[in-house]
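For reference, the structure is listed below as structure tokens.
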Amino acid sequence: MEPEHIDVAAETGLPRGPGTHQDCRGVASVLSRVGDKWSVLVIMLLRDGPRRFNELKRMINGISQRMLTLTLRGLERDGLVTRTVFPTIPPRVDYELTDLGRGLAVPVMALGEWAFAHLPEIEGARNDFDARNGEG
């Protein structure tokens with residue numbers, strides 16, 4: 001590609017047209033939700049079945065009640081999680097992945113497994129980078 005080459009869509013096979021930028025914004029909003037660290041952890045924990053709010057809070061180290069509430073609400077809004085309230089005293093609320101959420105759990109788990117498997121390499125690369133750049 002030359003610097004004056006600007007027809008990236010033709011070169012990459014991406015669709016052209018006025019909707020392309022809007023589509024990118026839509027996909028970006030979805031990826032920001034599913035790429036959020038708290039959302040990833042919630043999805044991973046819910047893949048084995050429904051869980052109660054406090055159970056999730058105990059299992060996710062470092063998440064505040066407010067952040068868990070916002071995360072679950074966002075996942076519910078996006079159709080990835082359902083919220084079921086049981087009329088008990090006190091009320092019991094369960095969160096569960098929808099079919100759409102279960103489909104997302106597969107790549108999320110693969111990404112999580114990759115991250116765990118490569119964590120030592122990534123930490124080593126970070127340490128090397130920081131040493132070369134006088135950081136840390």
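Ordering of the structure tokens sets the chain letters (A, B, ...); residue numbers start at 1 within each chain; ligands are numbered from 1 in the order shown.
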>> Need the shell around Met67 (chain A): protein/DNA/RNA residues with any atom at most 10 Å away, counting only C-alpha atoms. Skip same-chain ones fewer than 5 positions apart. Format as a PyMOL selection string?
In response: chain A and resi 38+57+62+72-73
> Could you write out, as a list of chain:residue names, all the residues of region 9-118 of chain A that DSSP marks as strand (DSSP E or B)?
Replying inline: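 Matching residues, listed in order: A:Arg51, A:Arg52, A:Val81, A:Thr82, A:Arg83, A:Thr84, A:Val85, A:Phe86, A:Arg92, A:Val93, A:Asp94, A:Tyr95, A:Glu96, A:Leu97.
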Selection file, N, CA, C and O atoms, as an mmCIF file, in the first residue's frame:
data_model
loop_
_atom_site.group_PDB
_atom_site.id
_atom_site.type_symbol
_atom_site.label_atom_id
_atom_site.label_comp_id
_atom_site.auth_asym_id
_atom_site.auth_seq_id
_atom_site.Cartn_x
_atom_site.Cartn_y
_atom_site.Cartn_z
ATOM 1 N N ARG A 51 -26.695 -17.767 39.318
ATOM 2 C CA ARG A 51 -26.066 -17.409 40.601
ATOM 3 C C ARG A 51 -26.793 -16.204 41.177
ATOM 4 O O ARG A 51 -27.327 -15.373 40.453
ATOM 5 N N ARG A 52 -26.735 -16.120 42.489
ATOM 6 C CA ARG A 52 -27.314 -14.975 43.184
ATOM 7 C C ARG A 52 -26.314 -13.823 43.199
ATOM 8 O O ARG A 52 -25.112 -14.018 43.053
ATOM 9 N N VAL A 81 -27.885 -11.639 29.806
ATOM 10 C CA VAL A 81 -28.200 -12.152 31.143
ATOM 11 C C VAL A 81 -29.674 -11.897 31.425
ATOM 12 O O VAL A 81 -30.225 -10.875 31.009
ATOM 13 N N THR A 82 -30.297 -12.850 32.116
ATOM 14 C CA THR A 82 -31.656 -12.618 32.609
ATOM 15 C C THR A 82 -31.613 -12.495 34.121
ATOM 16 O O THR A 82 -30.737 -13.073 34.789
ATOM 17 N N ARG A 83 -32.546 -11.738 34.639
ATOM 18 C CA ARG A 83 -32.668 -11.502 36.082
ATOM 19 C C ARG A 83 -34.029 -12.043 36.498
ATOM 20 O O ARG A 83 -35.046 -11.631 35.966
ATOM 21 N N THR A 84 -34.028 -12.960 37.467
ATOM 22 C CA THR A 84 -35.277 -13.550 37.947
ATOM 23 C C THR A 84 -35.417 -13.255 39.427
ATOM 24 O O THR A 84 -34.520 -13.572 40.220
ATOM 25 N N VAL A 85 -36.546 -12.631 39.792
ATOM 26 C CA VAL A 85 -36.826 -12.305 41.188
ATOM 27 C C VAL A 85 -37.819 -13.335 41.722
ATOM 28 O O VAL A 85 -38.865 -13.561 41.124
ATOM 29 N N PHE A 86 -37.471 -13.956 42.843
ATOM 30 C CA PHE A 86 -38.341 -14.933 43.496
ATOM 31 C C PHE A 86 -39.015 -14.260 44.687
ATOM 32 O O PHE A 86 -38.340 -13.599 45.490
ATOM 33 N N ARG A 92 -35.283 -13.199 46.614
ATOM 34 C CA ARG A 92 -34.104 -13.842 46.036
ATOM 35 C C ARG A 92 -34.039 -13.461 44.568
ATOM 36 O O ARG A 92 -35.033 -13.529 43.845
ATOM 37 N N VAL A 93 -32.857 -13.048 44.121
ATOM 38 C CA VAL A 93 -32.658 -12.651 42.732
ATOM 39 C C VAL A 93 -31.544 -13.507 42.142
ATOM 40 O O VAL A 93 -30.453 -13.578 42.692
ATOM 41 N N ASP A 94 -31.869 -14.189 41.045
ATOM 42 C CA ASP A 94 -30.888 -15.003 40.337
ATOM 43 C C ASP A 94 -30.561 -14.366 39.000
ATOM 44 O O ASP A 94 -31.433 -13.769 38.354
ATOM 45 N N TYR A 95 -29.313 -14.511 38.601
ATOM 46 C CA TYR A 95 -28.852 -14.053 37.291
ATOM 47 C C TYR A 95 -28.390 -15.279 36.517
ATOM 48 O O TYR A 95 -27.732 -16.154 37.068
ATOM 49 N N GLU A 96 -28.741 -15.305 35.231
ATOM 50 C CA GLU A 96 -28.424 -16.461 34.403
ATOM 51 C C GLU A 96 -28.141 -15.989 32.981
ATOM 52 O O GLU A 96 -28.736 -15.019 32.506
ATOM 53 N N LEU A 97 -27.237 -16.688 32.305
ATOM 54 C CA LEU A 97 -26.963 -16.368 30.905
ATOM 55 C C LEU A 97 -28.152 -16.753 30.034
ATOM 56 O O LEU A 97 -28.783 -17.786 30.250
#
>> Taking 4 positions as the minimum chain separation for residues in the same chain, which residues sit within 9 Å of Met44 (chain A) when counting only C-alpha atoms? Answer as a ChimeraX atom specification.
In response: /A:39-40,48,105,108-109,112
Please produce an output containing N, CA, C and O atoms for each residue in the selection, written as a PDB file, in the first residue's frame.
ATOM      1  N   SER A  39     -17.485  -7.678  33.048  1.00  0.00           N
ATOM      2  CA  SER A  39     -18.431  -8.451  32.237  1.00  0.00           C
ATOM      3  C   SER A  39     -17.862  -9.822  31.910  1.00  0.00           C
ATOM      4  O   SER A  39     -18.568 -10.832  31.980  1.00  0.00           O
ATOM      5  N   VAL A  40     -16.596  -9.868  31.561  1.00  0.00           N
ATOM      6  CA  VAL A  40     -15.948 -11.142  31.243  1.00  0.00           C
ATOM      7  C   VAL A  40     -16.015 -12.075  32.449  1.00  0.00           C
ATOM      8  O   VAL A  40     -16.371 -13.255  32.320  1.00  0.00           O
ATOM      9  N   ASP A  48     -21.798 -21.768  34.282  1.00  0.00           N
ATOM     10  CA  ASP A  48     -22.143 -23.019  34.947  1.00  0.00           C
ATOM     11  C   ASP A  48     -23.565 -23.022  35.512  1.00  0.00           C
ATOM     12  O   ASP A  48     -23.961 -23.986  36.149  1.00  0.00           O
ATOM     13  N   ALA A 105     -20.173 -17.033  25.943  1.00  0.00           N
ATOM     14  CA  ALA A 105     -19.309 -17.647  26.955  1.00  0.00           C
ATOM     15  C   ALA A 105     -18.213 -18.495  26.319  1.00  0.00           C
ATOM     16  O   ALA A 105     -17.116 -18.590  26.876  1.00  0.00           O
ATOM     17  N   VAL A 108     -15.378 -16.179  25.208  1.00  0.00           N
ATOM     18  CA  VAL A 108     -14.866 -15.535  26.418  1.00  0.00           C
ATOM     19  C   VAL A 108     -14.004 -16.519  27.211  1.00  0.00           C
ATOM     20  O   VAL A 108     -12.925 -16.172  27.686  1.00  0.00           O
ATOM     21  N   MET A 109     -14.478 -17.749  27.327  1.00  0.00           N
ATOM     22  CA  MET A 109     -13.696 -18.769  28.042  1.00  0.00           C
ATOM     23  C   MET A 109     -12.390 -19.051  27.304  1.00  0.00           C
ATOM     24  O   MET A 109     -11.344 -19.211  27.930  1.00  0.00           O
ATOM     25  N   GLY A 112     -10.102 -16.230  28.075  1.00  0.00           N
ATOM     26  CA  GLY A 112      -9.625 -16.337  29.456  1.00  0.00           C
ATOM     27  C   GLY A 112      -8.575 -17.429  29.617  1.00  0.00           C
ATOM     28  O   GLY A 112      -7.565 -17.234  30.283  1.00  0.00           O
TER      29      GLY A 112
END
> In Å, with one decimal, what is the gap from CA of Leu56 (chain A) to CA of Leu41 (chain A)?
Replying inline: 9.4 Å
> How many Å separate CA of Ala28 (chain A) from CA of Arg77 (chain A)?
Replying inline: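 Computing the Euclidean distance for CA of Ala28 (chain A) and CA of Arg77 (chain A) yields 16.0 Å.
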>> What parts of chain A does DSSP call helix (DSSP H, G or I)? I'd like the answer as an NGL selection string.
In response: :A and (8-12 or 19-34 or 37-46 or 53-59 or 65-77 or 99-132)
> So which one's closest to Pro91 (chain A), A:Arg66, A:Phe53, A:Phe129, A:Leu45? Using only C-alpha atoms, please.
Replying inline: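 Closest candidate: A:Phe53.
Among the candidate residues A:Ile60, A:Val34, A:Leu119, A:Ile89, the one lying nearest to Gly101 (chain A) is A:Val34, with distances computed using only C-alpha atoms.
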